[in-house]
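Participant: Sharing a structure with you now.
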Number of protein chains: 2
Amino acid sequence: MAISHLHCLQSVRVSFPCRPSVSNNYCYGRDNFTRKSSSLVYASTNNLDRDLHLQSKVETVLDSVKWDNRGLAVAIAQNVDTGAILMQGFANREAVATTVSSRKATFYSRSRSMLWTKGETSNNFINVHDIFLDCDRDSIIYLGKPDGPTCHTGSETCYYTPVFDLLENQQDKEDKLALTTLYSLESTIAQRKGELEVPQSGKPSWTRRLLLDEKLLCSKIREEADELCRTLEDNEDKPRAASEMADVLYHAMVLLALKDVKMEEVLDILRRRFSQSGIEEKRSRNSQS
Amino acid sequence: MAISHLHCLQSVRVSFPCRPSVSNNYCYGRDNFTRKSSSLVYASTNNLDRDLHLQSKVETVLDSVKWDNRGLAVAIAQNVDTGAILMQGFANREAVATTVSSRKATFYSRSRSMLWTKGETSNNFINVHDIFLDCDRDSIIYLGKPDGPTCHTGSETCYYTPVFDLLENQQDKEDKLALTTLYSLESTIAQRKGELEVPQSGKPSWTRRLLLDEKLLCSKIREEADELCRTLEDNEDKPRAASEMADVLYHAMVLLALKDVKMEEVLDILRRRFSQSGIEEKRSRNSQS
């Protein structure tokens with residue numbers, strides 16, 4: 001979801017009556033969100049008109065999807081803040097329509113031949129902020145925020161089996177999530193923090209030294225921020241700016257580890273601020289005062 | 001890929017002879033990487049033994065995948081640095097085996113009934129750093145670095161059609177990529193930068209003010225870095241630390257925009273540094289000198 005559009009997108013409550021082929025279990029079922037969504041339809045004539053109009057548009061979008069011969073398309077749920085791929089399932093027309101309406105990631109279970117909304121049993125819903133179709137219109141991203149672990153095993157995501165580790169017989173007892181660079185770095189720093197109590201021989205890693213010496217850490221953060229600024233002030237080249245930003249990010253993330261703050265929390269704040277025209281307006285107000 | 005494991009993972013050259021069912025087009029085909037990979041098999045008896053051993057392990061891993069009745073599993077290519085979902089296709093045994101061997105994301109084309117390596121025509125390969133299986137073992141992530149735009153349309157990824165925009169008739173002339181929070185913020189800042197030449201009435205946004213006033217921007221970056229440090233030094237609470245980190249990140253990203261540096265470049269640096277035991281060893285060396 002583009003942050004700049006979030007506010008207007010969130011104002012859209014796409015709620016529409018059940019299509020005949022949608023099971024009542026899901027459209028008027030036990031989940032509060034679907035009941036709420038359905039009841040909105042009958043709130044007023046204006047609402048009904050608006051909802052029928054939206055329903056028509058949803059149908060048009062669904063018509064544009066290239067469903068396979070089983071009436072399905074691949075649906076991938078992705079964490080809007082971290083980018084982690086949470087799970088992958090399949091969706092049919094009703095699953096996508098329900099996701100649009102409820103804003104909860106909904107799939108079609110091929111084994112049970114029925115719709116299922118992720119979280120309907122565990123309460124770990126995936127709250128969908130936006131939906132994207134691919135160029136071929138046969139693959140869908142549900143971009144959203146999970147309420148809790150997505151995998152039925154309790155893992156944050158379903159992807160925790162690394163093939164190259166299997167090939168090297170290096171699969172640890174603990175699962176290894178598919179992490180992208182920022183979160184791999186965060187994981188590495190967290191691992192160093194977890195090892196602080198373990199006595200070590202030899203030269204300590206730089207991360208360990210920073211974790212053990214708050215004064216050193218803070219002096220480095222201030223120093224790296226200053227060096228980043230000087231790439232602009234002294235008109236240094238692009239690679240220098242990128243390198244200094246990497247230093248800022250890494251050292252700041254060591255501090256976050258000490259404070260038990262996850263990058264996901266930081267990104268959640270940024271998303272909310274921008275969706276409320278937050279940082280920009282707040283700063284602008286402050287500068288006026 | 002966990003950064004801490006990258007170095008050892010990259011040292012694994014899983015190269016093995018073609019299985020009888022693998023088309024020579026792909027195992028000994030026109031691509032340099034497959035020729036090189038195949039020729040390695042015959043380099044020495046030791047290599048042959050090692051490769052046969054690895055081939056056996058690959059077969060075991062492939063046996064553990066739950067292929068559907070067409071012999072396929074969903075394969076999702078994800079940018080290792082940004083987390084962007086680049087594309088989604090399907091893979092059969094040979095596609096995954098080829099990806100393991102060549103480290104280039106390879107799929108099975110259902111329409112052409114043949115393997116295809118993304119980039120074999122465009123040269124925009126996806127260089128695979130790690131492969132993950134999901135909990136059900138019927139879905140695969142190729143976590144890698146693209147050489148260029150992934151989509152055949154020239155778009156960075158295949159996911160540029162936002163459903164909620166379609167429903168609101170807000171689809172701009174330009175496509176809107178599925179962006180997670182950090183990259184949405186980057187995109188918003190870039191948009192503000194692009195509008196700098198356009199005269200504006202009313203109060204300028206905070207981002208615009210920062211972009212127009214380098215002195216203000218640098219003073220804010222130094223100030224926010226200081227405030228982040230003080231959350232540790234003064235033992236402030238977690239939400240305060242997360243909030244200050246959000247400020248550091250946002251203001252630093254405005255500077256990056258002025259320097260024409262992408263966050264992906266910064267993350268690329270961090271990945272390479274950590275994969276070479278970079279930051280930690282470098283800093284440790286520097287601190288000794």
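How things are named: the first chain in the structure tokens is A, the next is B, and so on; residues count from 1 in each chain; ligands count from 1 in the order shown.
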Show me, as a ChimeraX atom specification, the residues that have an atom within 9 Å of range 186-196 of chain A when counting only C-alpha atoms, minus same-chain residues fewer than 5 positions from it.

Facilitator: /A:179,181,205,207-208,211-212,250,253-254,257-258,262-263 /B:2-4

Participant: Mind checking which residues fall within 6 Å of range 87-103 of chain A, counting only C-alpha atoms, ignoring those fewer than 6 positions away in the same chain, and posting them as a PyMOL selection string?

Facilitator: chain A and resi 14-15+71-77+127-128+158

Participant: Within 9 Å of Gly144 in chain B, counting only C-alpha atoms, which residues qualify if same-chain residues fewer than 3 places away don't, as a list in words?

Facilitator: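 Residues near the query, excluding close chain neighbours: Met1, Ala77, Gln78, Asn79, Val80, Asp81, Arg103, Lys104, Ala105, Ile126, Asn127, Val128, His129, Asp130 and Ile131 of chain B.
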
Participant: Between B:Trp116, B:Tyr142, B:Tyr160, B:Phe274, single out the one closest to Trp206 in chain A, counting only C-alpha atoms.

Facilitator: B:Phe274

Participant: Closest to Glu214 in chain A among B:Lys57, B:Lys238, B:Arg230, B:Lys118, using only C-alpha atoms?

Facilitator: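 Selected residue with least distance to Glu214 in chain A: B:Arg230.
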
Participant: I'd like the contact shell of Lys215 in chain B - 12 Å cut-off, only C-alpha atoms, skipping same-chain residues fewer than 4 positions apart - returned as a list in words.

Facilitator: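 Final neighbour list, sorted by chain and number: Cys229, Arg230, Leu232, Glu233 and Asp234 of chain A; Arg209, Leu210, Leu211, Ser219, Lys220, Ile221, Arg222 and Leu255 of chain B.
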
Participant: Kindly indicate which residue among B:Phe125, B:Tyr159, B:Tyr183, B:Trp67 lies nearest to chain A, using only C-alpha atoms for the distances.

Facilitator: B:Tyr159

Participant: If you measure from CA of Leu167 in chain A to CA of Gly154 in chain A, what distance in Å do you get, rounded to one decimal?

Facilitator: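 For CA of Leu167 in chain A relative to CA of Gly154 in chain A, the distance reads 24.9 Å.
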
Participant: Could you check how far CA of Pro146 in chain B sits from CA of Leu177 in chain B, in Å to one decimal?

Facilitator: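 CA of Pro146 in chain B sits 16.0 Å away from CA of Leu177 in chain B.
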
Participant: Range 100-205 of chain B: which residues are strand (DSSP E or B) by DSSP, as a PyMOL selection string?

Facilitator: chain B and resi 104+106-109+114-117+126-134+139-146+159-162

Participant: Nearest to Glu264 in chain A among A:Thr153, A:Asn169, A:Thr82, A:Ser56, with distances taken over only C-alpha atoms: which residue is it?

Facilitator: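 Nearest to Glu264 in chain A: A:Thr82.
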
Participant: From the options B:Asp175, B:Asp134, B:Asp165, B:Asp63, which residue's atoms come nearest to chain A, counting only C-alpha atoms?

Facilitator: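 Smallest distance to chain A is found for B:Asp134.
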
Participant: Report, in Å with one decimal, the straight-line distance from CA of Leu267 in chain B to CA of Gly83 in chain B.

Facilitator: 10.8 Å

Participant: With distances taken over only C-alpha atoms, which residue among B:Cys135, B:Leu52, B:Leu86, B:Val248 lies nearest Leu217 in chain B?

Facilitator: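 Between B:Cys135, B:Leu52, B:Leu86, B:Val248, the residue approaching Leu217 in chain B most closely is B:Val248.
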